[in-house]
$ cat run.cif   # mmCIF, C-alpha atoms, pLDDT in the B column; chains and numbers go by the auth columns
data_structure
#
loop_
_atom_site.group_PDB
_atom_site.id
_atom_site.type_symbol
_atom_site.label_atom_id
_atom_site.label_comp_id
_atom_site.label_asym_id
_atom_site.label_seq_id
_atom_site.Cartn_x
_atom_site.Cartn_y
_atom_site.Cartn_z
_atom_site.B_iso_or_equiv
_atom_site.auth_seq_id
_atom_site.auth_asym_id
ATOM 1 C CA MET A 1 109.110 143.707 80.663 82.00 1 A
ATOM 2 C CA THR A 2 108.837 145.390 84.070 88.00 2 A
ATOM 3 C CA GLN A 3 105.274 144.144 84.574 91.00 3 A
ATOM 4 C CA THR A 4 106.342 140.544 83.830 92.00 4 A
ATOM 5 C CA LEU A 5 109.271 140.829 86.241 93.00 5 A
ATOM 6 C CA ILE A 6 106.993 142.139 88.997 94.00 6 A
ATOM 7 C CA THR A 7 104.485 139.332 88.359 94.00 7 A
ATOM 8 C CA VAL A 8 107.213 136.686 88.585 94.00 8 A
ATOM 9 C CA ALA A 9 108.612 138.244 91.792 94.00 9 A
ATOM 10 C CA VAL A 10 105.149 138.283 93.423 94.00 10 A
ATOM 11 C CA PHE A 11 104.591 134.647 92.399 94.00 11 A
ATOM 12 C CA VAL A 12 107.946 133.528 93.848 94.00 12 A
ATOM 13 C CA LEU A 13 107.245 135.462 97.054 94.00 13 A
ATOM 14 C CA ALA A 14 103.826 133.795 97.363 93.00 14 A
ATOM 15 C CA LEU A 15 105.393 130.341 96.891 93.00 15 A
ATOM 16 C CA ALA A 16 107.992 131.133 99.564 92.00 16 A
ATOM 17 C CA MET A 17 105.238 132.076 102.025 93.00 17 A
ATOM 18 C CA VAL A 18 103.232 128.831 101.579 92.00 18 A
ATOM 19 C CA PRO A 19 105.284 126.780 104.131 91.00 19 A
ATOM 20 C CA MET A 20 105.003 129.570 106.707 91.00 20 A
ATOM 21 C CA GLY A 21 101.241 129.711 106.159 89.00 21 A
ATOM 22 C CA ILE A 22 100.900 125.950 106.617 91.00 22 A
ATOM 23 C CA LYS A 23 102.940 126.075 109.830 88.00 23 A
ATOM 24 C CA TRP A 24 100.768 128.927 111.119 87.00 24 A
ATOM 25 C CA LEU A 25 97.572 126.985 110.350 87.00 25 A
ATOM 26 C CA GLN A 26 98.916 123.878 112.105 83.00 26 A
ATOM 27 C CA SER A 27 99.825 125.835 115.227 81.00 27 A
ATOM 28 C CA ARG A 28 96.341 127.363 115.330 81.00 28 A
ATOM 29 C CA ALA A 29 94.771 123.911 114.981 75.00 29 A
ATOM 30 C CA MET A 30 96.770 122.582 117.962 67.00 30 A
ATOM 31 C CA VAL A 31 95.633 125.530 120.125 65.00 31 A
ATOM 32 C CA GLY A 32 92.009 124.723 119.324 58.00 32 A
ATOM 33 C CA GLN A 33 92.330 121.131 120.525 57.00 33 A
ATOM 34 C CA GLY A 34 93.026 122.077 124.132 54.00 34 A
ATOM 35 C CA PRO A 35 95.830 121.213 126.532 53.00 35 A
ATOM 36 C CA GLY A 36 97.462 117.805 126.320 52.00 36 A
ATOM 37 C CA ALA A 37 96.072 117.087 122.854 51.00 37 A
ATOM 38 C CA GLY A 38 99.541 116.394 121.482 48.00 38 A
ATOM 39 C CA SER A 39 100.294 113.779 124.163 52.00 39 A
ATOM 40 C CA ALA A 40 97.275 111.585 123.434 70.00 40 A
ATOM 41 C CA SER A 41 99.520 108.712 122.359 82.00 41 A
ATOM 42 C CA ARG A 42 103.159 107.727 122.669 85.00 42 A
ATOM 43 C CA VAL A 43 105.348 104.962 121.301 88.00 43 A
ATOM 44 C CA LEU A 44 106.731 102.770 124.089 89.00 44 A
ATOM 45 C CA SER A 45 108.874 100.489 121.925 91.00 45 A
ATOM 46 C CA ALA A 46 109.470 99.450 118.340 92.00 46 A
ATOM 47 C CA VAL A 47 111.236 96.258 117.240 93.00 47 A
ATOM 48 C CA ALA A 48 112.175 95.536 113.636 92.00 48 A
ATOM 49 C CA VAL A 49 111.313 91.957 112.644 92.00 49 A
ATOM 50 C CA GLY A 50 112.024 92.329 108.943 90.00 50 A
ATOM 51 C CA PRO A 51 113.075 94.867 106.320 91.00 51 A
ATOM 52 C CA GLN A 52 109.683 96.617 106.379 91.00 52 A
ATOM 53 C CA GLN A 53 107.985 94.944 109.350 93.00 53 A
ATOM 54 C CA ARG A 54 107.929 96.183 112.939 93.00 54 A
ATOM 55 C CA VAL A 55 106.197 95.307 116.189 94.00 55 A
ATOM 56 C CA VAL A 56 105.318 98.571 117.916 93.00 56 A
ATOM 57 C CA THR A 57 103.887 99.095 121.408 92.00 57 A
ATOM 58 C CA VAL A 58 101.824 102.282 121.690 92.00 58 A
ATOM 59 C CA GLU A 59 100.100 103.802 124.725 90.00 59 A
ATOM 60 C CA VAL A 60 96.842 105.585 123.843 89.00 60 A
ATOM 61 C CA GLY A 61 93.754 107.042 125.493 85.00 61 A
ATOM 62 C CA PRO A 62 92.928 109.620 128.145 82.00 62 A
ATOM 63 C CA ALA A 63 95.065 109.844 131.288 77.00 63 A
ATOM 64 C CA ASP A 64 92.580 107.927 133.450 80.00 64 A
ATOM 65 C CA ALA A 65 92.042 105.050 130.990 83.00 65 A
ATOM 66 C CA ARG A 66 95.345 104.457 129.166 87.00 66 A
ATOM 67 C CA ILE A 67 95.603 101.320 126.992 90.00 67 A
ATOM 68 C CA CYS A 68 98.692 99.720 125.476 92.00 68 A
ATOM 69 C CA LEU A 69 98.350 98.383 121.939 92.00 69 A
ATOM 70 C CA VAL A 70 100.828 95.964 120.409 93.00 70 A
ATOM 71 C CA LEU A 71 100.729 96.624 116.670 94.00 71 A
ATOM 72 C CA GLY A 72 102.180 94.769 113.717 94.00 72 A
ATOM 73 C CA VAL A 73 103.246 97.399 111.200 93.00 73 A
ATOM 74 C CA THR A 74 104.121 96.669 107.564 93.00 74 A
ATOM 75 C CA ALA A 75 104.418 98.874 104.507 91.00 75 A
ATOM 76 C CA GLN A 76 100.851 97.950 103.503 93.00 76 A
ATOM 77 C CA SER A 77 98.951 97.657 106.790 93.00 77 A
ATOM 78 C CA ILE A 78 98.777 97.975 110.558 93.00 78 A
ATOM 79 C CA ALA A 79 97.267 95.116 112.599 94.00 79 A
ATOM 80 C CA CYS A 80 96.431 95.122 116.312 93.00 80 A
ATOM 81 C CA LEU A 81 98.129 92.056 117.801 93.00 81 A
ATOM 82 C CA HIS A 82 97.256 92.568 121.482 92.00 82 A
ATOM 83 C CA THR A 83 95.697 95.102 123.881 91.00 83 A
ATOM 84 C CA MET A 84 96.252 95.510 127.633 90.00 84 A
ATOM 85 C CA PRO A 85 95.709 98.141 130.331 87.00 85 A
ATOM 86 C CA ALA A 86 98.620 100.558 130.649 80.00 86 A
ATOM 87 C CA GLN A 87 99.114 99.709 134.344 75.00 87 A
ATOM 88 C CA ALA A 88 99.802 96.055 133.477 63.00 88 A
ATOM 89 C CA ALA A 89 102.255 97.062 130.775 57.00 89 A
ATOM 90 C CA GLY A 90 104.003 99.487 133.134 55.00 90 A
ATOM 91 C CA ALA A 91 104.557 96.866 135.859 54.00 91 A
ATOM 92 C CA ARG A 92 108.230 95.962 135.950 45.00 92 A
ATOM 93 C CA VAL A 93 109.876 92.891 137.397 39.00 93 A
ATOM 94 C CA ASP A 94 111.674 93.860 140.590 42.00 94 A
ATOM 95 C CA ALA A 95 115.458 93.563 140.306 42.00 95 A
ATOM 96 C CA ALA A 96 115.574 91.699 143.635 43.00 96 A
ATOM 97 C CA THR A 97 113.249 88.959 142.352 45.00 97 A
ATOM 98 C CA PRO A 98 115.372 85.907 141.517 50.00 98 A
ATOM 99 C CA VAL A 99 115.039 84.545 138.003 47.00 99 A
ATOM 100 C CA PRO A 100 115.008 80.719 137.922 51.00 100 A
ATOM 101 C CA SER A 101 117.954 79.197 136.140 48.00 101 A
ATOM 102 C CA MET A 102 117.863 76.185 133.852 45.00 102 A
ATOM 103 C CA ALA A 103 119.549 74.024 136.521 49.00 103 A
ATOM 104 C CA SER A 104 116.819 74.698 139.071 47.00 104 A
ATOM 105 C CA LEU A 105 114.090 73.791 136.573 47.00 105 A
ATOM 106 C CA SER A 106 115.292 70.239 135.977 45.00 106 A
#

$ encode --input "run.cif" --output "structure tokens"
Amino acid sequence: MTQTLITVAVFVLALAMVPMGIKWLQSRAMVGQGPGAGSASRVLSAVAVGPQQRVVTVEVGPADARICLVLGVTAQSIACLHTMPAQAAGARVDAATPVPSMASLS
């Protein structure tokens, strides 16, 4: 009886330590990749176009050659819709620039 109880306690303790072991292994893997490895990509925007469809803009690549990808994301697949340099995607329209109205176009 005592031997069975000890075996069960050791088994439960081992199961409780599995998540901590996985977290430890993941932290060691990130250290091995070098600095900035976690910031290799970032999501710039995500727009839902349906219940399980999104258009996502992601910036990827090394710091000196960043690229923006426009991706169509569904439950079954991811498709690249467009690519552009990150500098072009980062360019913003100046607030002082007048936007033409419909009256001035006609």

$ atom_distance --input "run.cif" --atom1 "atom CA of Arg54 of chain A" --atom2 "atom CA of Ala86 of chain A"
20.5 Å

$ residues_around --input "run.cif" --residues "Leu71 of chain A" --least-positions-apart "6" --cutoff "12 Å" --atoms "all atoms listed in the file" --output "list of chain:residue names"
A:Val43, A:Leu44, A:Ser45, A:Ala46, A:Val47, A:Ala48, A:Gln53, A:Arg54, A:Val55, A:Val56, A:Thr57, A:Val58, A:Glu59, A:Ser77, A:Ile78, A:Ala79, A:Cys80, A:Leu81, A:His82, A:Thr83, A:Met84

$ atom_distance --input "run.cif" --atom1 "atom CA of Val8 of chain A" --atom2 "atom CA of Met20 of chain A"
19.6 Å

$ atom_distance --input "run.cif" --atom1 "atom CA of Val70 of chain A" --atom2 "atom CA of Arg42 of chain A"
12.2 Å

$ resolve_selection --input "run.cif" --expression "the PyMOL selection byres ((chain A and resi 85) around 8)" --output "list in words"
Ala65, Arg66, Ile67, Cys68, Thr83, Met84, Ala86, Gln87, Ala88 and Ala89 of chain A

$ residues_around --input "run.cif" --residues "Gln52 of chain A" --least-positions-apart "6" --cutoff "9 Å" --atoms "all atoms listed in the file" --output "PyMOL selection string"
chain A and resi 73-75
